[in-house]
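> Structure file work-v2.cif, mmCIF, C-alpha atoms, is pasted below:
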```
data_entry
#
loop_
_atom_site.group_PDB
_atom_site.id
_atom_site.type_symbol
_atom_site.label_atom_id
_atom_site.label_comp_id
_atom_site.auth_asym_id
_atom_site.auth_seq_id
_atom_site.Cartn_x
_atom_site.Cartn_y
_atom_site.Cartn_z
ATOM 1 C CA MET A 30 16.657 121.257 22.285
ATOM 2 C CA THR A 31 15.388 122.291 18.894
ATOM 3 C CA GLY A 32 12.844 120.231 16.895
ATOM 4 C CA ASN A 33 15.525 119.104 14.450
ATOM 5 C CA ASN A 34 17.777 117.831 17.279
ATOM 6 C CA ARG A 35 14.863 115.912 18.868
ATOM 7 C CA ARG A 36 14.095 114.223 15.531
ATOM 8 C CA MET A 37 17.751 113.235 15.056
ATOM 9 C CA ARG A 38 17.960 111.786 18.615
ATOM 10 C CA TRP A 39 14.802 109.621 18.218
ATOM 11 C CA SER A 40 15.965 108.478 14.789
ATOM 12 C CA LEU A 41 19.250 107.279 16.322
ATOM 13 C CA ILE A 42 17.452 105.443 19.189
ATOM 14 C CA LEU A 43 15.086 103.720 16.707
ATOM 15 C CA SER A 44 18.023 102.612 14.532
ATOM 16 C CA VAL A 45 19.783 101.084 17.543
ATOM 17 C CA ALA A 46 16.577 99.260 18.597
ATOM 18 C CA ILE A 47 16.098 97.773 15.117
ATOM 19 C CA ALA A 48 19.702 96.605 15.052
ATOM 20 C CA ALA A 49 19.293 94.965 18.474
ATOM 21 C CA THR A 50 16.200 93.125 17.282
ATOM 22 C CA ALA A 51 17.989 91.751 14.202
ATOM 23 C CA CYS A 52 20.978 90.424 16.167
ATOM 24 C CA GLY A 53 21.706 89.003 19.581
ATOM 25 C CA ASP A 54 23.622 90.997 22.161
ATOM 26 C CA ASP A 55 26.857 89.589 20.726
ATOM 27 C CA GLY A 56 25.850 90.125 17.109
ATOM 28 C CA SER A 57 24.875 86.458 16.567
ATOM 29 C CA THR A 58 21.871 85.269 14.546
ATOM 30 C CA PRO A 59 18.720 85.063 16.749
ATOM 31 C CA VAL A 60 17.270 81.635 17.477
ATOM 32 C CA ASN A 61 14.105 82.318 15.492
ATOM 33 C CA ASP A 62 16.005 83.159 12.313
ATOM 34 C CA ALA A 63 14.787 81.000 9.419
ATOM 35 C CA ARG A 64 18.403 80.276 8.508
ATOM 36 C CA ALA A 65 19.047 78.478 11.814
ATOM 37 C CA PRO A 66 19.510 74.675 11.406
ATOM 38 C CA VAL A 67 16.535 72.450 12.299
ATOM 39 C CA PRO A 68 17.287 69.478 14.620
ATOM 40 C CA ASP A 69 17.292 66.141 12.782
ATOM 41 C CA ALA A 70 14.159 64.232 13.905
ATOM 42 C CA ARG A 71 15.816 60.933 13.001
ATOM 43 C CA THR A 72 17.958 61.114 16.120
ATOM 44 C CA ASN A 73 14.811 60.111 18.046
ATOM 45 C CA ASP A 74 14.135 56.973 15.978
ATOM 46 C CA GLY A 75 14.210 53.655 17.834
ATOM 47 C CA PRO A 76 16.673 50.928 16.886
ATOM 48 C CA ILE A 77 15.792 48.821 13.838
ATOM 49 C CA ASP A 78 15.648 45.653 15.913
ATOM 50 C CA ALA A 79 14.141 46.818 19.184
ATOM 51 C CA ALA A 80 12.921 44.116 21.556
ATOM 52 C CA PRO A 81 9.758 42.673 19.984
ATOM 53 C CA ALA A 82 6.398 43.297 21.574
ATOM 54 C CA ALA A 83 4.959 40.056 22.929
ATOM 55 C CA PRO A 84 1.916 38.863 20.938
ATOM 56 C CA CYS A 85 0.327 37.385 24.073
ATOM 57 C CA THR A 86 -0.093 38.764 27.588
ATOM 58 C CA GLY A 87 2.753 37.748 29.870
ATOM 59 C CA CYS A 88 4.453 35.458 27.348
ATOM 60 C CA VAL A 89 8.157 35.501 26.500
ATOM 61 C CA ILE A 90 10.312 34.191 23.655
ATOM 62 C CA CYS A 91 11.387 30.672 24.591
ATOM 63 C CA ALA A 92 12.910 29.568 21.256
ATOM 64 C CA SER A 93 13.870 31.440 18.091
ATOM 65 C CA GLN A 94 16.240 31.555 15.167
ATOM 66 C CA ASN A 95 17.347 34.534 13.091
ATOM 67 C CA ASP A 96 14.737 36.624 14.884
ATOM 68 C CA ASP A 97 15.823 40.119 13.850
ATOM 69 C CA ASN A 98 14.052 42.023 11.042
ATOM 70 C CA GLN A 99 16.460 41.239 8.198
ATOM 71 C CA PHE A 100 15.041 39.075 5.384
ATOM 72 C CA VAL A 101 15.673 38.143 1.753
ATOM 73 C CA ASP A 102 13.257 40.513 0.031
ATOM 74 C CA GLY A 103 11.641 39.260 -3.151
ATOM 75 C CA GLU A 104 12.081 35.563 -2.380
ATOM 76 C CA SER A 105 8.682 33.861 -2.291
ATOM 77 C CA VAL A 106 7.126 30.467 -1.589
ATOM 78 C CA SER A 107 6.074 28.569 -4.717
ATOM 79 C CA GLY A 108 2.703 26.858 -4.284
ATOM 80 C CA ASP A 109 0.727 26.268 -1.090
ATOM 81 C CA ARG A 110 2.759 24.042 1.226
ATOM 82 C CA TRP A 111 3.576 23.215 4.815
ATOM 83 C CA ILE A 112 7.045 24.298 5.941
ATOM 84 C CA ALA A 113 8.089 22.463 9.112
ATOM 85 C CA MET A 114 11.089 23.686 11.150
ATOM 86 C CA LYS A 115 12.809 21.628 13.835
ATOM 87 C CA PHE A 116 13.369 23.223 17.245
ATOM 88 C CA ARG A 117 14.109 22.356 20.838
ATOM 89 C CA MET A 118 13.974 24.257 24.140
ATOM 90 C CA THR A 119 16.243 24.169 27.185
ATOM 91 C CA LEU A 120 13.313 24.256 29.644
ATOM 92 C CA THR A 121 9.939 22.506 29.599
ATOM 93 C CA ARG A 122 7.422 25.214 28.721
ATOM 94 C CA ASN A 123 3.850 25.802 27.573
ATOM 95 C CA VAL A 124 3.969 27.199 24.031
ATOM 96 C CA ARG A 125 1.326 29.846 23.442
ATOM 97 C CA HIS A 126 2.192 31.586 20.163
ATOM 98 C CA VAL A 127 4.299 30.829 17.067
ATOM 99 C CA GLN A 128 5.479 33.335 14.446
ATOM 100 C CA VAL A 129 7.402 33.385 11.168
ATOM 101 C CA PHE A 130 8.589 36.362 9.143
ATOM 102 C CA THR A 131 6.434 36.646 6.018
ATOM 103 C CA GLY A 132 4.013 38.799 4.018
ATOM 104 C CA GLU A 133 3.163 39.764 0.398
ATOM 105 C CA VAL A 134 -0.119 37.800 0.283
ATOM 106 C CA SER A 135 -3.201 37.652 2.485
ATOM 107 C CA GLY A 136 -5.387 34.728 3.468
ATOM 108 C CA ALA A 137 -6.124 32.116 6.106
ATOM 109 C CA SER A 138 -3.123 30.210 7.450
ATOM 110 C CA THR A 139 -2.256 27.843 10.284
ATOM 111 C CA MET A 140 0.576 27.085 12.680
ATOM 112 C CA ARG A 141 1.054 23.566 14.055
ATOM 113 C CA ILE A 142 3.378 21.917 16.556
ATOM 114 C CA TYR A 143 4.454 18.327 15.973
ATOM 115 C CA SER A 144 6.379 15.792 17.974
ATOM 116 C CA ASN A 145 9.455 14.311 16.308
ATOM 117 C CA SER A 146 9.500 10.828 14.818
ATOM 118 C CA GLY A 147 12.432 8.468 15.219
ATOM 119 C CA ALA A 148 14.062 7.579 11.921
ATOM 120 C CA PRO A 149 13.864 9.438 9.710
ATOM 121 C CA GLU A 150 13.450 12.513 11.907
ATOM 122 C CA GLN A 151 10.410 14.390 10.703
ATOM 123 C CA PRO A 152 7.095 15.751 12.019
ATOM 124 C CA ASP A 153 5.149 12.923 13.643
ATOM 125 C CA THR A 154 2.070 13.626 15.787
ATOM 126 C CA MET A 155 0.397 17.032 15.790
ATOM 127 C CA ILE A 156 0.162 18.196 19.420
ATOM 128 C CA GLY A 157 -1.089 21.760 18.919
ATOM 129 C CA PHE A 158 -2.323 24.266 16.343
ATOM 130 C CA GLY A 159 -3.602 27.790 15.855
ATOM 131 C CA THR A 160 -5.081 29.724 12.923
ATOM 132 C CA PHE A 161 -4.507 33.303 11.785
ATOM 133 C CA ASN A 162 -5.060 35.605 8.822
ATOM 134 C CA MET A 163 -1.886 36.485 6.966
ATOM 135 C CA GLY A 164 -1.380 40.106 5.917
ATOM 136 C CA GLN A 165 0.538 41.522 2.970
ATOM 137 C CA PHE A 166 3.001 43.547 5.035
ATOM 138 C CA ASN A 167 6.385 41.920 5.532
ATOM 139 C CA GLY A 168 6.859 41.282 9.216
ATOM 140 C CA TRP A 169 6.400 38.840 12.070
ATOM 141 C CA GLN A 170 3.071 37.036 11.720
ATOM 142 C CA GLY A 171 1.651 33.984 13.415
ATOM 143 C CA ALA A 172 -0.970 32.298 15.532
ATOM 144 C CA ALA A 173 -1.877 31.763 19.150
ATOM 145 C CA MET A 174 -2.188 28.083 19.980
ATOM 146 C CA ASP A 175 -5.760 26.897 20.404
ATOM 147 C CA VAL A 176 -4.663 25.719 23.855
ATOM 148 C CA PRO A 177 -1.160 26.067 25.380
ATOM 149 C CA VAL A 178 1.075 23.198 24.248
ATOM 150 C CA SER A 179 3.484 21.592 26.734
ATOM 151 C CA VAL A 180 6.868 21.010 25.082
ATOM 152 C CA ASN A 181 9.536 19.008 26.925
ATOM 153 C CA ALA A 182 13.028 20.367 27.352
ATOM 154 C CA ASN A 183 15.953 19.079 25.268
ATOM 155 C CA THR A 184 13.609 17.192 22.936
ATOM 156 C CA ASP A 185 13.237 17.806 19.212
ATOM 157 C CA HIS A 186 9.876 19.131 18.024
ATOM 158 C CA TRP A 187 8.663 20.807 14.847
ATOM 159 C CA ILE A 188 6.665 23.938 14.143
ATOM 160 C CA ALA A 189 4.842 23.855 10.800
ATOM 161 C CA TRP A 190 3.518 26.885 8.938
ATOM 162 C CA PHE A 191 0.977 26.661 6.121
ATOM 163 C CA ALA A 192 2.667 28.948 3.576
ATOM 164 C CA LEU A 193 0.430 30.437 0.906
ATOM 165 C CA ASP A 194 1.562 30.559 -2.709
ATOM 166 C CA GLY A 195 3.558 33.748 -3.302
ATOM 167 C CA ALA A 196 4.162 34.446 0.394
ATOM 168 C CA GLN A 197 7.420 36.093 1.395
ATOM 169 C CA SER A 198 9.939 33.389 2.227
ATOM 170 C CA PRO A 199 10.857 33.455 5.949
ATOM 171 C CA ARG A 200 14.588 33.435 5.230
ATOM 172 C CA ALA A 201 17.363 35.627 6.596
ATOM 173 C CA PRO A 202 20.231 36.786 4.360
ATOM 174 C CA MET A 203 22.636 35.212 6.854
ATOM 175 C CA GLY A 204 22.435 33.507 10.233
ATOM 176 C CA MET A 205 21.904 30.120 11.843
ATOM 177 C CA ALA A 206 20.823 27.169 9.706
ATOM 178 C CA VAL A 207 17.425 25.676 10.581
ATOM 179 C CA THR A 208 16.501 22.093 9.664
ATOM 180 C CA PHE A 209 13.239 21.962 7.712
ATOM 181 C CA ARG A 210 10.984 19.737 5.636
ATOM 182 C CA GLU A 211 8.051 20.548 3.352
ATOM 183 C CA SER A 212 4.723 18.886 2.583
ATOM 184 C CA THR A 213 2.159 19.543 -0.140
ATOM 185 C CA ASP A 214 -0.338 16.910 1.088
ATOM 186 C CA ASP A 215 -1.171 18.200 4.587
ATOM 187 C CA GLY A 216 1.669 16.330 6.283
ATOM 188 C CA ALA A 217 1.002 12.869 4.869
ATOM 189 C CA ASN A 218 4.469 12.969 3.287
ATOM 190 C CA TRP A 219 7.465 15.184 3.957
ATOM 191 C CA SER A 220 10.301 16.190 1.663
ATOM 192 C CA ALA A 221 13.932 15.297 2.313
ATOM 193 C CA GLU A 222 15.560 17.156 5.197
ATOM 194 C CA SER A 223 17.128 20.483 4.230
ATOM 195 C CA ALA A 224 18.637 23.437 6.068
ATOM 196 C CA SER A 225 18.388 27.187 5.550
ATOM 197 C CA THR A 226 18.503 30.443 7.521
ATOM 198 C CA LEU A 227 14.786 30.403 8.321
ATOM 199 C CA LYS A 228 13.212 32.843 10.765
ATOM 200 C CA TYR A 229 10.849 31.902 13.592
ATOM 201 C CA ARG A 230 9.838 32.966 17.091
ATOM 202 C CA ILE A 231 8.132 30.752 19.694
ATOM 203 C CA TYR A 232 6.474 32.353 22.716
ATOM 204 C CA CYS A 233 5.753 30.535 25.987
ATOM 205 C CA ASP A 234 4.476 31.116 29.481
ATOM 206 C CA PRO A 235 7.315 32.499 31.634
#
```
For this file, produce the structure as structure tokens.

Amino acid sequence: MTGNNRRMRWSLILSVAIAATACGDDGSTPVNDARAPVPDARTNDGPIDAAPAAPCTGCVICASQNDDNQFVDGESVSGDRWIAMKFRMTLTRNVRHVQVFTGEVSGASTMRIYSNSGAPEQPDTMIGFGTFNMGQFNGWQGAAMDVPVSVNANTDHWIAWFALDGAQSPRAPMGMAVTFRESTDDGANWSAESASTLKYRIYCDP
């Protein structure tokens, strides 16, 4: 074979090798081609309302209303005040932690549990409390009870949250109506009974 023939043969082999590198065996675009689509990372996102992480070891939700993550953004509490929400449980439990959905301001706050008076029905005797520091993020915030509070089944009680002026209102855009009252004098007097789609979670011993 002459020198010219050898050069032509190696040139042909090199051309074939380059073509094989640029395409798959079937002529398709190789997987490392920059034009190949990138998988959408959002397919690995968790659901918006995944089961909430318990704020206390071993505790479970024992009462709640409108406890997803939907809320009326931009609606705030006007002036420092206590917002008391009526609740009842189907089993007698020890309450350990109480939460509402709020944010926008930071500062010291308190959660209380009250028994229910007769007529009119309103918060009566405080039977438990816990303090916490509110944060500005909008989310579930609350306090562990100073000591676990025994709450009887099928009996009305009240949780009361000390809402700071400007705090995000704990209200859902739609859902179950919650009976509530408000106080601006530390519970000495309560407003007339009202109802709204308020959001709370109560955690108990299992």
> Which of these residues is nearest to Ile188 of chain A, using all atoms listed in the file: A:Asn162, A:Ser138, A:Asn145, A:Thr121?
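Residue with the minimum atom-to-atom distance to Ile188 of chain A: A:Asn145.
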> To one decimal place, how far is atom CA of Ala83 of chain A from atom CA of Asn98 of chain A in Å?
15.1 Å
> If I take atom CA of Ser212 of chain A and atom CA of Asp153 of chain A, how far is one from the other in Å, to one decimal?
12.6 Å
> May I ask which of the residues A:Asp234, A:Glu150, A:Asp194, A:Asp175 is the closest one to Ser220 of chain A, counting all atoms listed in the file?
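Between A:Asp234, A:Glu150, A:Asp194, A:Asp175, the residue approaching Ser220 of chain A most closely is A:Glu150.
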> For this file, the PyMOL selection byres ((chain A and resi 141) around 8) selects which residues, as a ChimeraX atom specification?
/A:139-140,142-143,155-159,188-190
> Identify, on the basis of only C-alpha atoms, every residue whose closest approach to Thr213 of chain A does not exceed 7 Å; exclude the query and any residue fewer than 2 positions from it along the same chain; express the result as a PyMOL selection string.
chain A and resi 109-111+211+215
> Counting all atoms listed in the file, select every polymer residue within 10 Å of (14.7, 31.7, 8.3) as defined in the file's coordinates, and provide the selection as a compact mmCIF listing (two decimals) with C-alpha atoms, keeping the file's coordinate frame.

```
# COMPACT_ATOMS: atom_id res chain seq x y z
CA SER A 93 13.87 31.44 18.09
CA GLN A 94 16.24 31.56 15.17
CA ASN A 95 17.35 34.53 13.09
CA ASP A 96 14.74 36.62 14.88
CA GLN A 99 16.46 41.24 8.20
CA PHE A 100 15.04 39.08 5.38
CA VAL A 101 15.67 38.14 1.75
CA MET A 114 11.09 23.69 11.15
CA VAL A 129 7.40 33.38 11.17
CA PHE A 130 8.59 36.36 9.14
CA THR A 131 6.43 36.65 6.02
CA SER A 198 9.94 33.39 2.23
CA PRO A 199 10.86 33.46 5.95
CA ARG A 200 14.59 33.44 5.23
CA ALA A 201 17.36 35.63 6.60
CA PRO A 202 20.23 36.79 4.36
CA MET A 203 22.64 35.21 6.85
CA GLY A 204 22.44 33.51 10.23
CA MET A 205 21.90 30.12 11.84
CA ALA A 206 20.82 27.17 9.71
CA VAL A 207 17.42 25.68 10.58
CA THR A 208 16.50 22.09 9.66
CA PHE A 209 13.24 21.96 7.71
CA ALA A 224 18.64 23.44 6.07
CA SER A 225 18.39 27.19 5.55
CA THR A 226 18.50 30.44 7.52
CA LEU A 227 14.79 30.40 8.32
CA LYS A 228 13.21 32.84 10.76
CA TYR A 229 10.85 31.90 13.59
```
> Pick from A:Cys233, A:Ala192, A:Ala92, A:Ala217: nearest to Met118 of chain A, with all atoms listed in the file counted?
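Looking only at the distances to Met118 of chain A, the closest residue turns out to be A:Ala92.
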> Which value, in Å to one decimal, gives the distance between atom CA of Val127 of chain A and atom CA of Gln197 of chain A?
16.8 Å
> Once the PyMOL selection byres ((chain A and resi 165-169) around 7) has been applied to the shown file, what residues remain in the selection, as a ChimeraX atom specification?
/A:128-135,163-164,170-171
> So which one's closest to Ile112 of chain A, A:Gly216, A:Ala182, A:Arg125, A:Pro235? Using only C-alpha atoms, please.
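Using only C-alpha atoms, Ile112 of chain A sits closest to A:Gly216.
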> Dump as a list in words all residues having an atom at most 7 Å from (-0.1, 23.1, 25.8), computed in the file's coordinates with only C-alpha atoms.
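Those residues lying close to the given coordinates are Asn123, Val124, Val176, Pro177, Val178 and Ser179 of chain A.
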> Given only C-alpha atoms as the basis, pick out the residue of A:His186, A:Arg210, A:Arg117, A:His126 nearest to Arg230 of chain A.
A:His126
> For a quick check of understanding, using all atoms listed in the file, which of A:Ala113, A:Gln151, A:Ser146, A:Cys91 has the smallest distance to Val180 of chain A?
A:Cys91
> Assuming the input is short of atoms at segment 133-156 of chain A, produce N, CA and C atoms for that part as a PDB file, keeping the file's coordinate frame.

```
ATOM      1  N   GLU A 133       3.401  39.696   1.848  1.00  0.00           N
ATOM      2  CA  GLU A 133       3.163  39.764   0.398  1.00  0.00           C
ATOM      3  C   GLU A 133       1.802  39.243  -0.049  1.00  0.00           C
ATOM      4  N   VAL A 134       1.210  38.288   0.646  1.00  0.00           N
ATOM      5  CA  VAL A 134      -0.119  37.800   0.283  1.00  0.00           C
ATOM      6  C   VAL A 134      -0.983  37.760   1.540  1.00  0.00           C
ATOM      7  N   SER A 135      -2.285  37.726   1.345  1.00  0.00           N
ATOM      8  CA  SER A 135      -3.201  37.652   2.485  1.00  0.00           C
ATOM      9  C   SER A 135      -4.100  36.428   2.335  1.00  0.00           C
ATOM     10  N   GLY A 136      -4.511  35.890   3.481  1.00  0.00           N
ATOM     11  CA  GLY A 136      -5.387  34.728   3.468  1.00  0.00           C
ATOM     12  C   GLY A 136      -5.256  33.928   4.744  1.00  0.00           C
ATOM     13  N   ALA A 137      -6.120  32.945   4.897  1.00  0.00           N
ATOM     14  CA  ALA A 137      -6.124  32.116   6.106  1.00  0.00           C
ATOM     15  C   ALA A 137      -4.908  31.196   6.122  1.00  0.00           C
ATOM     16  N   SER A 138      -4.288  31.081   7.289  1.00  0.00           N
ATOM     17  CA  SER A 138      -3.123  30.210   7.450  1.00  0.00           C
ATOM     18  C   SER A 138      -3.192  29.536   8.823  1.00  0.00           C
ATOM     19  N   THR A 139      -2.263  28.630   9.051  1.00  0.00           N
ATOM     20  CA  THR A 139      -2.256  27.843  10.284  1.00  0.00           C
ATOM     21  C   THR A 139      -0.832  27.603  10.754  1.00  0.00           C
ATOM     22  N   MET A 140      -0.665  27.531  12.063  1.00  0.00           N
ATOM     23  CA  MET A 140       0.576  27.085  12.680  1.00  0.00           C
ATOM     24  C   MET A 140       0.291  25.787  13.439  1.00  0.00           C
ATOM     25  N   ARG A 141       1.180  24.815  13.312  1.00  0.00           N
ATOM     26  CA  ARG A 141       1.054  23.566  14.055  1.00  0.00           C
ATOM     27  C   ARG A 141       2.344  23.281  14.819  1.00  0.00           C
ATOM     28  N   ILE A 142       2.214  22.456  15.852  1.00  0.00           N
ATOM     29  CA  ILE A 142       3.378  21.917  16.556  1.00  0.00           C
ATOM     30  C   ILE A 142       3.284  20.398  16.492  1.00  0.00           C
ATOM     31  N   TYR A 143       4.389  19.778  16.098  1.00  0.00           N
ATOM     32  CA  TYR A 143       4.454  18.327  15.973  1.00  0.00           C
ATOM     33  C   TYR A 143       5.528  17.769  16.907  1.00  0.00           C
ATOM     34  N   SER A 144       5.297  16.549  17.351  1.00  0.00           N
ATOM     35  CA  SER A 144       6.379  15.792  17.974  1.00  0.00           C
ATOM     36  C   SER A 144       7.326  15.322  16.864  1.00  0.00           C
ATOM     37  N   ASN A 145       8.454  14.767  17.267  1.00  0.00           N
ATOM     38  CA  ASN A 145       9.455  14.311  16.308  1.00  0.00           C
ATOM     39  C   ASN A 145       9.438  12.785  16.208  1.00  0.00           C
ATOM     40  N   SER A 146       9.447  12.281  14.984  1.00  0.00           N
ATOM     41  CA  SER A 146       9.500  10.828  14.818  1.00  0.00           C
ATOM     42  C   SER A 146      10.924  10.334  15.031  1.00  0.00           C
ATOM     43  N   GLY A 147      11.095   9.024  15.011  1.00  0.00           N
ATOM     44  CA  GLY A 147      12.432   8.468  15.219  1.00  0.00           C
ATOM     45  C   GLY A 147      13.285   8.588  13.977  1.00  0.00           C
ATOM     46  N   ALA A 148      13.261   7.568  13.137  1.00  0.00           N
ATOM     47  CA  ALA A 148      14.062   7.579  11.921  1.00  0.00           C
ATOM     48  C   ALA A 148      13.145   7.303  10.726  1.00  0.00           C
ATOM     49  N   PRO A 149      13.115   8.177   9.731  1.00  0.00           N
ATOM     50  CA  PRO A 149      13.864   9.438   9.710  1.00  0.00           C
ATOM     51  C   PRO A 149      13.218  10.478  10.616  1.00  0.00           C
ATOM     52  N   GLU A 150      14.002  11.463  11.055  1.00  0.00           N
ATOM     53  CA  GLU A 150      13.450  12.513  11.907  1.00  0.00           C
ATOM     54  C   GLU A 150      12.607  13.451  11.049  1.00  0.00           C
ATOM     55  N   GLN A 151      11.334  13.529  11.424  1.00  0.00           N
ATOM     56  CA  GLN A 151      10.410  14.390  10.703  1.00  0.00           C
ATOM     57  C   GLN A 151       9.191  14.613  11.594  1.00  0.00           C
ATOM     58  N   PRO A 152       8.300  15.554  11.220  1.00  0.00           N
ATOM     59  CA  PRO A 152       7.095  15.751  12.019  1.00  0.00           C
ATOM     60  C   PRO A 152       6.303  14.458  12.147  1.00  0.00           C
ATOM     61  N   ASP A 153       5.851  14.182  13.378  1.00  0.00           N
ATOM     62  CA  ASP A 153       5.149  12.923  13.643  1.00  0.00           C
ATOM     63  C   ASP A 153       3.698  13.197  14.020  1.00  0.00           C
ATOM     64  N   THR A 154       3.444  13.410  15.306  1.00  0.00           N
ATOM     65  CA  THR A 154       2.070  13.626  15.787  1.00  0.00           C
ATOM     66  C   THR A 154       1.832  15.099  16.049  1.00  0.00           C
ATOM     67  N   MET A 155       0.737  15.640  15.508  1.00  0.00           N
ATOM     68  CA  MET A 155       0.397  17.032  15.790  1.00  0.00           C
ATOM     69  C   MET A 155      -0.086  17.147  17.228  1.00  0.00           C
ATOM     70  N   ILE A 156       0.531  18.032  18.014  1.00  0.00           N
ATOM     71  CA  ILE A 156       0.162  18.196  19.420  1.00  0.00           C
ATOM     72  C   ILE A 156      -0.436  19.574  19.716  1.00  0.00           C
TER      73      ILE A 156
END
```
